[in-house]
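*Asks:* Here it is, the structure in full.
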Amino acid sequence: MPHYEAKMSSKGQITVPAEVRAQLNLKEGDRVDFYVDPTIKKVQIVARNTKLADLRGILGPFEGPPLSLEEIDQGIGDYLAEKDERIKREWNERREFEAWKQRGGRRGAA
């Protein structure tokens, strides 16, 4: 992954390096989003300069008949239920791991 550097001015402004502007096709007036992970002091910048029309076909052609609103709702519900189960499982695994660490991380410690 390429690395670019910028320096903050006394007014808190940072100039986006020319190479980054070119790669993201950023122009004056374009908006960017900043996603901050304070635990590791990391910022992800996402350009919001893509027009909706530019996204057409991004997922490839759709094969099959059009879906009804009920089928779309069911698909979204199924996805969210699977995501909820995954999050619960990961949370429980993390909790079990933390408890194991508290016991000293010994094999066979229950």
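Chain labels A, B, ... are given in the sequence in which chains occur in the structure tokens; within each chain residues are numbered consecutively from 1, and ligands are likewise numbered from 1 in the order shown.
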Output as a list in words all residues of region 12-87 of chain A that backbone DSSP marks as strand (DSSP E or B).

*Replies:* Ile14, Val32, Asp33, Phe34, Tyr35, Val36, Asp37, Lys42, Val43, Gln44, Ile45, Val46 and Ala47 of chain A

*Asks:* Restricted to N, CA, C and O atoms, what would the selected residues look like written as a short mmCIF file (atom, residue, chain, number, x, y, z; two decimals), in the first residue's frame?

*Replies:*
```
data_model
loop_
_atom_site.label_atom_id
_atom_site.label_comp_id
_atom_site.auth_asym_id
_atom_site.auth_seq_id
_atom_site.Cartn_x
_atom_site.Cartn_y
_atom_site.Cartn_z
N ILE A 14 -5.03 20.44 6.17
CA ILE A 14 -4.07 19.51 5.56
C ILE A 14 -4.33 19.49 4.07
O ILE A 14 -5.47 19.37 3.63
N VAL A 32 -15.21 14.55 1.41
CA VAL A 32 -14.59 13.32 1.88
C VAL A 32 -15.10 13.04 3.28
O VAL A 32 -15.46 13.95 4.02
N ASP A 33 -15.18 11.77 3.63
CA ASP A 33 -15.58 11.35 4.96
C ASP A 33 -14.34 10.87 5.70
O ASP A 33 -13.45 10.26 5.12
N PHE A 34 -14.29 11.15 7.00
CA PHE A 34 -13.20 10.71 7.85
C PHE A 34 -13.76 9.70 8.84
O PHE A 34 -14.69 10.01 9.59
N TYR A 35 -13.21 8.50 8.86
CA TYR A 35 -13.60 7.47 9.81
C TYR A 35 -12.42 7.28 10.76
O TYR A 35 -11.32 6.95 10.33
N VAL A 36 -12.65 7.53 12.05
CA VAL A 36 -11.57 7.55 13.04
C VAL A 36 -11.67 6.33 13.95
O VAL A 36 -12.73 6.04 14.50
N ASP A 37 -10.54 5.62 14.10
CA ASP A 37 -10.42 4.55 15.08
C ASP A 37 -9.50 5.07 16.17
O ASP A 37 -8.28 5.04 16.04
N LYS A 42 -5.98 5.90 14.05
CA LYS A 42 -5.98 5.69 12.61
C LYS A 42 -7.21 6.37 12.01
O LYS A 42 -8.29 6.31 12.57
N VAL A 43 -7.01 7.02 10.87
CA VAL A 43 -8.09 7.68 10.16
C VAL A 43 -8.18 7.09 8.75
O VAL A 43 -7.16 6.94 8.07
N GLN A 44 -9.37 6.75 8.34
CA GLN A 44 -9.60 6.31 6.97
C GLN A 44 -10.37 7.42 6.27
O GLN A 44 -11.37 7.91 6.79
N ILE A 45 -9.90 7.82 5.11
CA ILE A 45 -10.55 8.88 4.34
C ILE A 45 -11.25 8.23 3.15
O ILE A 45 -10.65 7.44 2.42
N VAL A 46 -12.52 8.57 2.98
CA VAL A 46 -13.30 8.01 1.88
C VAL A 46 -13.84 9.16 1.04
O VAL A 46 -14.50 10.07 1.56
N ALA A 47 -13.54 9.12 -0.26
CA ALA A 47 -14.03 10.15 -1.17
C ALA A 47 -15.51 9.90 -1.46
O ALA A 47 -15.93 8.78 -1.68
#
```

*Asks:* Return as a ChimeraX atom specification the full set of residues in chain A whose backbone-based DSSP assignment is helix (DSSP H, G or I).

*Replies:* /A:18-24,52-55,69-102

*Asks:* List as a tab-separated table every residue of region 6-26 of chain A that is in contact with region 49-63 of chain A, defined as an atom at most 12 Å from one of its atoms (using only C-alpha atoms), together with the nearest atom pair and the distance in Å rounded to one decimal, sorted by chain and then rising number.

*Replies:*
```
residue	atom	partner	partner_atom	distance
A:Arg21	CA	A:Asn49	CA	11.3
A:Leu24	CA	A:Asn49	CA	8.5
A:Asn25	CA	A:Asn49	CA	7.9
A:Leu26	CA	A:Asn49	CA	7.1
```

*Asks:* Using CA of Val20 (chain A) and CA of Pro2 (chain A) as the two end points, give the distance in Å to one decimal.

*Replies:*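 Taking CA of Val20 (chain A) and CA of Pro2 (chain A), their separation equals 9.6 Å.
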
*Asks:* Can you work out the spacing between CA of Met1 (chain A) and CA of Thr15 (chain A) in Å, to one decimal?

*Replies:* 19.9 Å

*Asks:* Would you mind reading off the distance between CA of Glu96 (chain A) and CA of Asp84 (chain A), one decimal, in Å?

*Replies:* 18.3 Å

*Asks:* Would you kindly return, as a list in words, each protein, DNA or RNA residue with an atom no farther than 10 Å from any atom of Ala6 (chain A), considering only C-alpha atoms and excluding same-chain residues fewer than 2 positions away?

*Replies:*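 The neighbour list is Tyr4, Met8, Ser9, Gln13, Ile14, Thr15, Val16 and Pro17 of chain A.
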